[in-house]
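Q: As input, take input03.txt (compact mmCIF, C-alpha atoms and all ligand atoms):
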# COMPACT_ATOMS: atom_id res chain seq x y z
CA MET P 74 -17.03 -15.93 -6.83
CA ASN P 75 -15.51 -15.25 -3.41
CA ILE P 76 -12.16 -13.51 -3.21
CA GLU P 77 -10.46 -16.55 -1.61
CA THR P 78 -11.20 -18.48 -4.83
CA GLN P 79 -10.35 -15.55 -7.10
CA LEU P 80 -6.93 -15.22 -5.42
CA ILE P 81 -6.07 -18.67 -6.72
CA HIS P 82 -7.80 -18.77 -10.09
CA ALA P 83 -8.45 -15.25 -11.41
CA GLY P 84 -6.53 -14.19 -14.50
CA ASN P 85 -4.46 -17.32 -14.35
CA THR P 86 -5.35 -19.39 -17.40
CA THR P 87 -3.90 -22.85 -17.84
CA ASP P 88 -1.13 -22.86 -20.44
CA ALA P 89 -2.73 -23.92 -23.74
CA ALA P 90 0.44 -25.48 -25.14
CA THR P 91 1.24 -27.86 -22.25
CA GLY P 92 -1.60 -27.81 -19.72
CA SER P 93 0.77 -26.38 -17.09
CA VAL P 94 -1.45 -25.24 -14.21
CA ASN P 95 0.82 -22.27 -13.62
CA VAL P 96 1.45 -19.53 -16.12
CA PRO P 97 4.96 -20.10 -17.55
CA ILE P 98 7.66 -17.49 -17.11
CA TYR P 99 7.97 -16.03 -20.60
CA GLN P 100 11.58 -14.92 -20.20
CA THR P 101 11.95 -13.04 -23.45
CA SER P 102 12.52 -9.48 -24.52
CA THR P 103 11.13 -9.83 -28.03
CA TYR P 104 8.92 -12.04 -30.24
CA ALA P 105 9.52 -13.35 -33.76
CA GLN P 106 7.25 -11.62 -36.26
CA VAL P 107 5.30 -13.75 -38.75
CA SER P 108 5.98 -11.27 -41.53
CA LEU P 109 6.61 -7.58 -41.99
CA THR P 110 2.98 -6.80 -41.24
CA GLU P 111 1.96 -9.71 -38.96
CA ASN P 112 2.80 -10.96 -35.46
CA ASN P 113 1.18 -13.27 -32.88
CA GLY P 114 -0.11 -10.39 -30.80
CA TYR P 115 3.28 -9.75 -29.18
CA LEU P 116 5.97 -7.47 -30.52
CA TYR P 117 8.25 -6.38 -27.65
CA ALA P 118 8.19 -7.32 -23.94
CA ARG P 119 8.03 -3.79 -22.49
CA ALA P 120 4.53 -3.54 -23.92
CA ASP P 121 3.37 -7.14 -23.71
CA ASN P 122 4.40 -10.21 -21.77
CA PRO P 123 2.06 -13.17 -21.12
CA THR P 124 3.29 -13.76 -17.54
CA ARG P 125 2.84 -10.09 -16.64
CA HIS P 126 -0.53 -10.04 -18.38
CA ALA P 127 -1.75 -12.95 -16.21
CA LEU P 128 -0.81 -10.95 -13.10
CA GLU P 129 -2.47 -7.83 -14.51
CA ARG P 130 -5.72 -9.72 -15.18
CA LEU P 131 -5.55 -11.17 -11.66
CA ILE P 132 -5.21 -7.83 -9.86
CA ALA P 133 -7.90 -6.23 -12.06
CA GLU P 134 -10.36 -8.95 -11.01
CA LEU P 135 -9.38 -8.75 -7.35
CA GLU P 136 -9.89 -4.97 -7.24
CA GLU P 137 -12.98 -5.24 -9.47
CA GLY P 138 -11.59 -2.71 -11.93
CA HIS P 139 -11.27 -2.38 -15.69
CA LYS P 140 -7.56 -3.18 -16.19
CA GLY P 141 -4.47 -3.95 -14.15
CA PHE P 142 -0.88 -2.83 -14.75
CA ALA P 143 2.30 -4.21 -13.16
CA PHE P 144 5.42 -2.17 -12.41
CA ALA P 145 8.92 -2.76 -11.06
CA SER P 146 8.09 -1.21 -7.65
CA GLY P 147 5.34 0.65 -5.84
CA LEU P 148 7.05 3.94 -6.64
CA ALA P 149 7.30 3.02 -10.34
CA ALA P 150 3.52 2.46 -10.26
CA ILE P 151 2.92 5.82 -8.56
CA ASN P 152 5.23 7.50 -11.07
CA SER P 153 3.13 6.24 -13.99
CA VAL P 154 -0.05 7.47 -12.30
CA LEU P 155 1.35 10.93 -11.54
CA ALA P 156 2.47 11.22 -15.16
CA LEU P 157 -1.24 11.55 -16.03
CA PHE P 158 -0.93 15.14 -14.87
CA GLY P 159 1.02 18.13 -16.13
CA GLN P 160 2.30 21.61 -15.51
CA GLY P 161 -0.21 23.83 -13.71
CA ASP P 162 -2.37 20.93 -12.48
CA THR P 163 -2.95 20.65 -8.74
CA ILE P 164 -3.08 17.40 -6.79
CA LEU P 165 -4.57 17.36 -3.32
CA THR P 166 -2.75 14.89 -1.07
CA SER P 167 -3.24 13.64 2.47
CA ASP P 168 -0.82 15.11 5.00
CA ASN P 169 0.39 11.61 5.90
CA LEU P 170 1.79 9.51 3.04
CA TYR P 171 4.66 7.03 2.69
CA GLY P 172 7.91 9.07 2.67
CA GLY P 173 8.88 7.96 -0.85
CA THR P 174 5.52 9.12 -2.20
CA TYR P 175 5.88 12.45 -0.38
CA ARG P 176 9.35 12.81 -1.95
CA MET P 177 8.02 12.09 -5.45
CA PHE P 178 5.35 14.77 -5.09
CA HIS P 179 7.44 17.43 -3.39
CA GLN P 180 10.93 16.87 -4.79
CA VAL P 181 10.30 15.47 -8.28
CA TYR P 182 6.90 16.35 -9.77
CA SER P 183 6.85 19.82 -8.19
CA ARG P 184 9.98 20.55 -10.30
CA PHE P 185 7.87 19.95 -13.41
CA GLY P 186 5.24 22.48 -12.35
CA LEU P 187 2.75 20.16 -10.63
CA ASN P 188 1.18 21.94 -7.64
CA VAL P 189 0.78 19.85 -4.52
CA ASN P 190 -1.80 20.92 -1.92
CA VAL P 191 -1.54 19.09 1.36
CA VAL P 192 -4.68 18.68 3.42
CA ASP P 193 -5.95 16.54 6.29
CA THR P 194 -8.14 14.22 4.20
CA THR P 195 -9.65 12.66 7.33
CA ASP P 196 -11.50 15.99 7.59
CA ILE P 197 -14.16 16.09 4.85
CA GLU P 198 -14.79 19.79 5.37
CA ALA P 199 -11.09 20.49 4.77
CA VAL P 200 -11.28 18.54 1.48
CA ARG P 201 -14.38 20.48 0.42
CA ALA P 202 -12.76 23.79 1.38
CA ALA P 203 -9.63 22.99 -0.68
CA PHE P 204 -11.77 22.82 -3.83
CA GLU P 205 -13.32 26.18 -3.00
CA VAL P 206 -9.97 27.97 -3.11
CA SER P 207 -8.52 26.21 -6.18
CA ASN P 208 -10.07 25.37 -9.54
CA SER P 209 -7.02 23.50 -10.85
CA ILE P 210 -7.37 20.37 -8.67
CA ARG P 211 -7.29 17.36 -11.01
CA ALA P 212 -6.98 14.61 -8.42
CA ILE P 213 -6.96 13.67 -4.75
CA TYR P 214 -4.30 11.21 -3.66
CA ILE P 215 -4.74 9.32 -0.38
CA GLU P 216 -3.54 6.35 1.63
CA SER P 217 -6.21 4.88 3.85
CA PRO P 218 -5.13 3.79 6.40
CA SER P 219 -2.03 5.95 6.07
CA ASN P 220 1.61 5.04 6.61
CA PRO P 221 2.47 5.06 9.53
CA LEU P 222 -0.21 6.88 11.57
CA LEU P 223 -3.06 4.67 10.29
CA ASP P 224 -5.25 7.71 9.62
CA VAL P 225 -8.49 6.73 7.91
CA SER P 226 -10.10 8.88 5.19
CA ASP P 227 -13.71 8.42 4.07
CA ILE P 228 -13.16 7.07 0.54
CA GLU P 229 -16.81 7.27 -0.53
CA ALA P 230 -17.30 10.85 0.68
CA ILE P 231 -14.01 12.03 -0.88
CA ALA P 232 -14.84 10.34 -4.20
CA LYS P 233 -18.14 12.24 -4.29
CA ILE P 234 -16.44 15.58 -3.72
CA ALA P 235 -13.75 14.78 -6.31
CA HIS P 236 -16.32 13.84 -8.94
CA GLN P 237 -18.41 16.96 -8.31
CA HIS P 238 -15.28 18.87 -9.42
CA ASP P 239 -14.28 16.54 -12.29
CA ALA P 240 -11.26 15.35 -10.33
CA LEU P 241 -10.02 11.77 -9.86
CA LEU P 242 -9.62 9.92 -6.59
CA ILE P 243 -6.44 7.82 -6.39
CA VAL P 244 -6.10 5.43 -3.43
CA ASP P 245 -2.94 3.66 -2.29
CA ASN P 246 -4.39 0.38 -0.95
CA THR P 247 -1.03 -1.14 0.09
CA PHE P 248 -1.87 -1.44 3.80
CA MET P 249 -5.15 -3.28 3.18
CA SER P 250 -4.95 -5.26 -0.09
CA PRO P 251 -8.17 -6.09 -1.95
CA TYR P 252 -8.86 -8.81 0.63
CA LEU P 253 -9.66 -6.15 3.24
CA GLN P 254 -10.70 -3.08 1.24
CA LYS P 255 -11.80 -2.36 -2.35
CA PRO P 256 -11.49 1.38 -3.05
CA LEU P 257 -12.88 1.19 -6.62
CA ASN P 258 -16.19 -0.10 -5.24
CA LEU P 259 -16.23 2.88 -2.88
CA GLY P 260 -15.92 5.34 -5.78
CA ALA P 261 -12.15 5.67 -6.36
CA ASP P 262 -10.96 5.96 -9.98
CA ILE P 263 -7.50 4.42 -9.57
CA VAL P 264 -6.22 2.04 -6.93
CA LEU P 265 -2.53 1.24 -6.57
CA HIS P 266 -0.27 -0.93 -4.47
CA SER P 267 3.24 -1.41 -3.37
CA ALA P 268 2.83 -5.14 -4.12
CA THR P 269 6.19 -5.56 -2.40
CA LYS P 270 4.13 -5.83 0.81
CA TYR P 271 1.02 -7.96 1.52
CA LEU P 272 0.37 -9.04 -2.09
CA SER P 273 3.82 -10.60 -2.50
CA GLY P 274 3.86 -11.54 1.18
CA HIS P 275 7.36 -13.00 1.48
CA SER P 276 9.70 -9.98 1.51
CA ASP P 277 11.47 -11.34 -1.55
CA LEU P 278 10.59 -8.94 -4.37
CA LEU P 279 9.67 -5.36 -5.25
CA ALA P 280 6.58 -4.70 -7.35
CA GLY P 281 3.85 -2.15 -7.94
CA LEU P 282 0.31 -2.58 -9.27
CA VAL P 283 -2.28 -0.14 -10.62
CA VAL P 284 -5.95 -0.85 -11.37
CA THR P 285 -8.15 1.57 -13.27
CA LYS P 286 -11.90 1.94 -13.12
CA SER P 287 -12.61 3.12 -16.67
CA GLU P 288 -11.53 2.25 -20.18
CA ALA P 289 -10.35 5.84 -20.77
CA LEU P 290 -8.00 5.66 -17.77
CA SER P 291 -6.80 2.20 -18.82
CA GLU P 292 -5.76 3.57 -22.20
CA GLN P 293 -3.81 6.39 -20.58
CA ILE P 294 -2.05 4.16 -18.03
CA ALA P 295 -1.18 1.58 -20.73
CA PHE P 296 0.37 4.38 -22.77
CA LEU P 297 2.37 5.63 -19.76
CA GLN P 298 3.43 2.12 -18.70
CA ASN P 299 4.94 1.53 -22.12
CA SER P 300 6.28 5.08 -22.51
CA LEU P 301 7.99 5.31 -19.11
CA GLY P 302 9.07 1.66 -19.15
CA GLY P 303 9.05 0.78 -15.44
CA ILE P 304 7.44 -2.62 -15.99
CA LEU P 305 7.64 -5.74 -13.79
CA SER P 306 9.88 -8.57 -15.04
CA PRO P 307 8.35 -11.94 -16.06
CA ASN P 308 10.14 -13.70 -13.20
CA ASP P 309 8.84 -11.29 -10.55
CA SER P 310 5.37 -11.40 -12.14
CA PHE P 311 5.39 -15.18 -11.65
CA LEU P 312 6.54 -14.86 -8.02
CA LEU P 313 3.90 -12.23 -7.31
CA ILE P 314 1.13 -14.43 -8.75
CA ARG P 315 2.36 -17.20 -6.47
CA GLY P 316 2.40 -14.89 -3.43
CA ILE P 317 -1.11 -13.59 -4.11
CA LYS P 318 -2.56 -17.13 -4.02
CA THR P 319 -2.02 -17.31 -0.23
CA LEU P 320 -3.05 -13.73 0.61
CA ALA P 321 -6.26 -14.71 2.42
CA VAL P 322 -4.73 -17.43 4.59
CA ARG P 323 -1.73 -15.24 5.42
CA LEU P 324 -3.87 -12.26 6.35
CA ASP P 325 -6.34 -14.33 8.38
CA ARG P 326 -3.46 -15.56 10.52
CA THR P 327 -1.85 -12.10 10.70
CA LEU P 328 -5.10 -10.59 11.94
CA VAL P 329 -5.47 -13.18 14.72
CA ASN P 330 -1.92 -12.33 15.82
CA THR P 331 -2.69 -8.61 15.56
CA GLN P 332 -5.55 -9.01 18.03
CA LEU P 333 -3.25 -10.79 20.49
CA PHE P 334 -0.73 -7.98 20.14
CA LEU P 335 -3.31 -5.27 20.60
CA ASP P 336 -4.60 -6.94 23.77
CA TYR P 337 -1.05 -7.03 25.11
CA LEU P 338 -0.18 -3.45 24.11
CA ARG P 339 -3.43 -2.03 25.53
CA GLN P 340 -2.62 -3.27 29.03
CA SER P 341 1.11 -2.42 28.95
CA LYS P 342 2.15 0.47 31.23
CA GLN P 343 5.01 1.22 28.82
CA VAL P 344 2.71 2.04 25.87
CA LYS P 345 2.03 5.77 25.84
CA GLN P 346 0.11 5.99 22.58
CA LEU P 347 -1.50 3.30 20.44
CA TYR P 348 -2.58 3.81 16.82
CA HIS P 349 -4.98 1.24 15.38
CA PRO P 350 -8.28 1.84 13.58
CA THR P 351 -10.01 -1.12 15.29
CA LEU P 352 -9.80 0.74 18.61
CA PRO P 353 -13.02 2.60 19.45
CA SER P 354 -10.80 5.53 20.51
CA HIS P 355 -9.48 5.91 16.93
CA PRO P 356 -10.99 9.12 15.48
CA ASN P 357 -12.24 7.38 12.32
CA HIS P 358 -13.06 3.98 13.80
CA GLY P 359 -16.62 4.08 12.40
CA ILE P 360 -15.51 4.87 8.84
CA PHE P 361 -12.85 2.17 9.02
CA LEU P 362 -15.50 -0.41 9.96
CA LYS P 363 -17.82 0.87 7.22
CA GLN P 364 -15.36 0.72 4.32
CA THR P 365 -13.14 -2.29 5.19
CA LYS P 366 -13.40 -5.86 6.48
CA GLY P 367 -12.65 -4.35 9.90
CA ASN P 368 -9.01 -5.09 10.64
CA ILE P 369 -5.41 -4.37 9.55
CA GLY P 370 -2.13 -6.14 10.37
CA LEU P 371 -0.10 -3.06 11.28
CA ILE P 372 0.10 -1.32 14.63
CA SER P 373 1.88 1.95 15.42
CA PHE P 374 2.72 2.97 18.96
CA GLU P 375 4.87 5.14 21.19
CA LEU P 376 6.58 3.83 24.30
CA THR P 377 6.95 5.76 27.56
CA SER P 378 10.16 7.70 28.22
CA ASP P 379 11.37 5.13 30.78
CA VAL P 380 12.11 2.67 27.95
CA ASN P 381 15.53 2.64 26.27
CA ILE P 382 14.29 2.21 22.69
CA ASP P 383 17.65 1.17 21.26
CA GLN P 384 18.00 -1.52 23.88
CA PHE P 385 14.40 -2.66 23.34
CA LEU P 386 14.90 -3.04 19.58
CA SER P 387 18.24 -4.84 19.98
CA GLY P 388 16.66 -7.17 22.55
CA LEU P 389 14.09 -8.55 20.08
CA SER P 390 15.00 -11.97 18.77
CA ILE P 391 12.06 -13.00 16.55
CA ILE P 392 10.66 -9.65 15.47
CA THR P 393 13.17 -8.11 13.06
CA LEU P 394 14.18 -4.45 13.03
CA ALA P 395 13.68 -3.66 9.33
CA VAL P 396 11.64 -1.37 7.11
CA SER P 397 8.86 -2.79 4.86
CA LEU P 398 5.79 -4.73 5.91
CA GLY P 399 3.21 -7.29 4.90
CA GLY P 400 5.52 -10.31 4.81
CA VAL P 401 5.14 -13.62 6.63
CA GLU P 402 7.71 -12.44 9.18
CA SER P 403 7.06 -9.73 11.78
CA LEU P 404 9.03 -6.52 11.22
CA ILE P 405 9.37 -3.43 13.36
CA CYS P 406 10.66 -0.02 12.26
CA ASN P 407 11.10 3.57 13.34
CA PRO P 408 9.46 5.63 10.55
CA ALA P 409 10.89 9.03 11.59
CA SER P 410 14.48 7.87 10.99
CA THR P 411 13.80 5.64 7.96
CA THR P 412 10.66 5.50 5.78
CA HIS P 413 9.61 9.06 6.69
CA ALA P 414 13.03 10.71 7.19
CA VAL P 415 12.38 12.76 4.04
CA TYR P 416 9.56 14.66 5.80
CA PRO P 417 10.85 17.95 7.26
CA GLU P 418 10.91 17.64 11.05
CA GLU P 419 8.38 20.44 11.56
CA GLU P 420 5.99 18.67 9.18
CA ARG P 421 6.39 15.41 11.11
CA ASN P 422 5.67 17.29 14.33
CA ARG P 423 2.65 18.99 12.80
CA ILE P 424 1.03 15.71 11.76
CA GLY P 425 1.97 13.97 15.02
CA LEU P 426 4.61 11.60 13.64
CA ALA P 427 6.82 11.39 16.74
CA ASN P 428 10.55 10.69 16.54
CA HIS P 429 10.10 7.62 18.71
CA LEU P 430 7.01 6.23 16.99
CA LEU P 431 7.39 2.53 16.14
CA ARG P 432 5.42 0.62 13.51
CA ILE P 433 5.07 -3.14 13.68
CA SER P 434 3.98 -5.36 10.80
CA ILE P 435 2.54 -8.51 12.33
CA GLY P 436 3.57 -11.73 10.60
CA ILE P 437 2.18 -15.25 10.64
CA GLU P 438 4.45 -16.77 13.29
CA TYR P 439 2.85 -18.37 16.38
CA GLY P 440 1.21 -15.35 18.01
CA GLU P 441 2.22 -16.03 21.62
CA ASP P 442 5.88 -16.35 20.55
CA LEU P 443 5.71 -12.84 19.12
CA VAL P 444 4.13 -11.32 22.21
CA GLU P 445 6.64 -13.10 24.46
CA ASP P 446 9.53 -11.84 22.33
CA PHE P 447 8.19 -8.28 22.51
CA ASP P 448 7.58 -8.48 26.25
CA GLN P 449 11.02 -9.87 27.20
CA ALA P 450 12.75 -7.15 25.13
CA LEU P 451 10.57 -4.46 26.70
CA GLN P 452 11.10 -5.62 30.30
CA GLN P 453 14.89 -5.61 29.82
CA ALA P 454 14.82 -2.10 28.33
CA ILE P 455 12.94 -0.38 31.17
CA ILE P 456 15.27 2.16 32.75
CA LYS P 457 15.24 1.44 36.50
C1 LIG U 1 1.97 2.84 1.44
C2 LIG U 1 3.15 2.68 0.50
N1 LIG U 1 3.02 3.05 -0.77
C3 LIG U 1 4.05 2.93 -1.65
C4 LIG U 1 5.28 2.43 -1.25
C5 LIG U 1 6.42 2.32 -2.24
O1 LIG U 1 6.53 1.01 -2.67
P1 LIG U 1 7.91 0.32 -3.15
O2 LIG U 1 8.83 0.29 -1.97
O3 LIG U 1 7.47 -1.02 -3.61
O4 LIG U 1 8.46 1.16 -4.25
C6 LIG U 1 5.44 2.02 0.07
C7 LIG U 1 6.73 1.49 0.54
O5 LIG U 1 6.94 1.24 1.70
C8 LIG U 1 4.35 2.15 0.98
O6 LIG U 1 4.46 1.80 2.27
What do you get writing this file as structure tokens?
Ligand SMILES: Cc1ncc(COP(=O)(O)O)c(C=O)c1O

A:
Amino acid sequence: MNIETQLIHAGNTTDAATGSVNVPIYQTSTYAQVSLTENNGYLYARADNPTRHALERLIAELEEGHKGFAFASGLAAINSVLALFGQGDTILTSDNLYGGTYRMFHQVYSRFGLNVNVVDTTDIEAVRAAFEVSNSIRAIYIESPSNPLLDVSDIEAIAKIAHQHDALLIVDNTFMSPYLQKPLNLGADIVLHSATKYLSGHSDLLAGLVVTKSEALSEQIAFLQNSLGGILSPNDSFLLIRGIKTLAVRLDRTLVNTQLFLDYLRQSKQVKQLYHPTLPSHPNHGIFLKQTKGNIGLISFELTSDVNIDQFLSGLSIITLAVSLGGVESLICNPASTTHAVYPEEERNRIGLANHLLRISIGIEYGEDLVEDFDQALQQAIIK
């Protein structure tokens, strides 16, 4: 079955009691037991909820994994994955991750004795070398493409290295969604999402999803999901299922708009630096084409110093200055002062995350309206 059909039908069984074509919202915290020793398969909603289960089956099928798990936010999902590890274990991470993920590694889990080794995972030799100097690496954690620099790591090659050393590969697939990239098929062991973004698609809820490749990992994540308790509510599970149904049509439109934007930005004299893995100048352009459907709806860029950035951002009338991404509306943000403010400045400088870098999430509005909005704000902000 093609993914466009799966998005609408996978995991989503018609309600047996009524024939409702949508899974009902089972808004309950507990279930009546049949007797002291018997129940109907449901005891308490932290562990089991039919609406959440429908979503979990859906994402497992979309990512072609063993089991799916839904959480109250992307960070709640990441928390349950990191809880697989313990004191003395080492996790290798990319040097560019979402700021909240960086904070969880460096300011939370490091307090419990988890060692975090940071490496440029776009450099396969650097990944290999990291294993040569440490025998406690239990997992590699990457975003590909990364937030916000859109660095691309070779998922297949990294998975091979990880497995040679009995380590797991965990991939944050938020920026792509299973419509554009399927990390488990490339060798990853766990894929996760901030489903707040493309999967939900309407900037109206927070959610996180995890999909495991093996039964053994499913058992461990199920245990942690129930033990840590950061599950997604039935209502948000329902909304997320609804959002996922239109993922393909939303992304198809977003990617057409992204191409328009790229064409505009490439010829603009005010664009100093453009980050997008579809550009032949991107250092991992070839790997991006090999492991994805070949496009992504986010663009990062730096403007020249003759642009008053404050004035430019205030001059936008359609594109909204706001963090987050992947919704139907176009959003623009300044990662250094918001999503990545937690990175120490010297670390931001080291990885090339400039203070004035801007990241735009292209929505599904009429493309020319977006480019016109951008252009009028830019022209007015040029310092004469
Ligand atoms: C790549 C990535 N992963 C994880 C997260 C965290 O997700 P949430 O905000 O849903 O907790 C974000 C949030 O922006 C993100 O961009």

Q: Any residue with an atom at most 8 Å from ligand LIG 1 (chain U) counts, using all atoms listed in the file. Which are they? Put them as a ChimeraX atom specification.

A: /P:145-151,170-174,216,219-220,245-248,266-270,279-281,396-398,412

Q: Tell me which protein, DNA and RNA residues are within 7 Å of Arg130 of chain P, counting only C-alpha atoms, leaving out same-chain ones fewer than 3 positions away, and put them as a list in words.

A: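 Residues meeting the cut-off are Gly84, His126, Ala127, Ala133, Glu134, Lys140 and Gly141 of chain P.
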
Q: Can you tell me how far atom CA of Leu386 of chain P sits from atom CA of Arg176 of chain P, in Å to one decimal?

A: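 These two atoms are separated by 27.3 Å.
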
Q: Using all atoms listed in the file, determine which residues lie at most 9 Å from Gly138 of chain P, disregarding the query and same-chain residues fewer than 4 positions distant; provide the list as a PDB file with C-alpha atoms, in the frame of the given file.

A:
ATOM      1  CA  ILE P 132      -5.210  -7.830  -9.860  1.00  0.00           C
ATOM      2  CA  ALA P 133      -7.900  -6.230 -12.060  1.00  0.00           C
ATOM      3  CA  GLU P 134     -10.360  -8.950 -11.010  1.00  0.00           C
ATOM      4  CA  LEU P 257     -12.880   1.190  -6.620  1.00  0.00           C
ATOM      5  CA  ASN P 258     -16.190  -0.100  -5.240  1.00  0.00           C
ATOM      6  CA  ASP P 262     -10.960   5.960  -9.980  1.00  0.00           C
ATOM      7  CA  ILE P 263      -7.500   4.420  -9.570  1.00  0.00           C
ATOM      8  CA  VAL P 264      -6.220   2.040  -6.930  1.00  0.00           C
ATOM      9  CA  VAL P 284      -5.950  -0.850 -11.370  1.00  0.00           C
ATOM     10  CA  THR P 285      -8.150   1.570 -13.270  1.00  0.00           C
ATOM     11  CA  LYS P 286     -11.900   1.940 -13.120  1.00  0.00           C
ATOM     12  CA  SER P 287     -12.610   3.120 -16.670  1.00  0.00           C
TER      13      SER P 287
END

Q: Measuring atom to atom with only C-alpha atoms, identify which of P:Ser373, P:Asn190, P:Thr331, P:Asn169 is nearest to Arg423 of chain P.

A: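 Between P:Ser373, P:Asn190, P:Thr331, P:Asn169, the residue approaching Arg423 of chain P most closely is P:Asn169.
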
Q: Considering all atoms listed in the file, return as JSON, numbers by chain whatever protein or nucleic-acid residues lie within 12 Å of Leu222 of chain P, sequence-local ones (same chain, fewer than 4 positions apart) excluded.

A: {"P": [167, 168, 169, 170, 171, 195, 216, 217, 218, 226, 248, 346, 347, 348, 349, 350, 355, 356, 371, 372, 373, 374, 375, 407, 408, 409, 413, 421, 424, 425, 426, 427, 430, 431, 432, 433]}

Q: Could you please determine the separation between atom CA of Pro256 of chain P and atom CA of His236 of chain P in Å, to one decimal place?

A: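 Straight-line distance from atom CA of Pro256 of chain P to atom CA of His236 of chain P works out to 14.6 Å.
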
Q: Can you pull out the residues contacting segment 392-394 of chain P? Cut-off 12 Å, using only C-alpha atoms, and skip same-chain residues under 6 positions away; I want them as a PyMOL selection string.

A: chain P and resi 382-386+400-408+411+431-440+442-450

Q: Just checking: using only C-alpha atoms, which residue out of P:Met177, P:Ala235, P:Phe311, P:Leu305 ends up closest to Asn95 of chain P?

A: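 Of P:Met177, P:Ala235, P:Phe311, P:Leu305, the one nearest Asn95 of chain P is P:Phe311, counting only C-alpha atoms.
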
Q: For segment 311-425 of chain P against segment 273-277 of chain P, with a cut-off of 10 Å and counting all atoms listed in the file, what is the closest atom pair and its distance in Å to one decimal for every residue that makes the cut, ordered by chain and number, as a Markdown table?

A:
| residue | atom | partner | partner_atom | distance |
| --- | --- | --- | --- | --- |
| P:Leu312 | CA | P:Ser273 | CA | 7.5 |
| P:Leu313 | CA | P:Ser273 | CA | 5.1 |
| P:Ile314 | CA | P:Ser273 | CA | 7.8 |
| P:Arg315 | CA | P:Ser273 | CA | 7.8 |
| P:Gly316 | CA | P:Ser273 | CA | 4.6 |
| P:Ile317 | CA | P:Ser273 | CA | 6.0 |
| P:Lys318 | CA | P:Ser273 | CA | 9.3 |
| P:Thr319 | CA | P:Gly274 | CA | 8.4 |
| P:Leu320 | CA | P:Gly274 | CA | 7.3 |
| P:Arg323 | CA | P:Gly274 | CA | 7.9 |
| P:Leu324 | CA | P:Gly274 | CA | 9.3 |
| P:Ser397 | CA | P:Ser276 | CA | 8.0 |
| P:Leu398 | CA | P:Ser276 | CA | 7.9 |
| P:Gly399 | CA | P:Gly274 | CA | 5.7 |
| P:Gly400 | CA | P:Gly274 | CA | 4.2 |
| P:Val401 | CA | P:His275 | CA | 5.6 |
| P:Glu402 | CA | P:His275 | CA | 7.7 |

Q: Report, in Å to a single decimal, how far apart atom CA of Asn85 of chain P and atom CA of Leu131 of chain P are.

A: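 Computed distance, atom CA of Leu131 of chain P to atom CA of Asn85 of chain P, equals 6.8 Å.
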
Q: Write segment 106-115 of chain P as a short mmCIF file (atom, residue, chain, number, x, y, z; two decimals), keeping the file's coordinate frame, completed to N, CA, C and O atoms.

A:
data_model
loop_
_atom_site.label_atom_id
_atom_site.label_comp_id
_atom_site.auth_asym_id
_atom_site.auth_seq_id
_atom_site.Cartn_x
_atom_site.Cartn_y
_atom_site.Cartn_z
N GLN P 106 8.40 -12.04 -35.46
CA GLN P 106 7.25 -11.62 -36.26
C GLN P 106 6.96 -12.67 -37.32
O GLN P 106 7.87 -13.34 -37.82
N VAL P 107 5.67 -12.80 -37.70
CA VAL P 107 5.30 -13.75 -38.75
C VAL P 107 5.73 -13.20 -40.10
O VAL P 107 6.23 -13.91 -40.97
N SER P 108 5.56 -11.93 -40.29
CA SER P 108 5.98 -11.27 -41.53
C SER P 108 6.15 -9.79 -41.21
O SER P 108 5.97 -9.37 -40.07
N LEU P 109 6.42 -9.03 -42.20
CA LEU P 109 6.61 -7.58 -41.99
C LEU P 109 5.38 -6.94 -41.36
O LEU P 109 5.48 -6.04 -40.54
N THR P 110 4.22 -7.45 -41.69
CA THR P 110 2.98 -6.80 -41.24
C THR P 110 2.21 -7.63 -40.22
O THR P 110 1.16 -7.22 -39.76
N GLU P 111 2.71 -8.81 -39.84
CA GLU P 111 1.96 -9.71 -38.96
C GLU P 111 2.80 -10.17 -37.78
O GLU P 111 4.00 -10.45 -37.93
N ASN P 112 2.15 -10.29 -36.59
CA ASN P 112 2.80 -10.96 -35.46
C ASN P 112 1.73 -11.75 -34.70
O ASN P 112 0.56 -11.72 -35.06
N ASN P 113 2.14 -12.45 -33.63
CA ASN P 113 1.18 -13.27 -32.88
C ASN P 113 0.56 -12.50 -31.72
O ASN P 113 0.20 -13.07 -30.70
N GLY P 114 0.48 -11.20 -31.87
CA GLY P 114 -0.11 -10.39 -30.80
C GLY P 114 0.93 -9.84 -29.84
O GLY P 114 0.60 -9.11 -28.91
N TYR P 115 2.19 -10.23 -30.05
CA TYR P 115 3.28 -9.75 -29.18
C TYR P 115 4.41 -9.24 -30.06
O TYR P 115 4.82 -9.93 -30.99
#
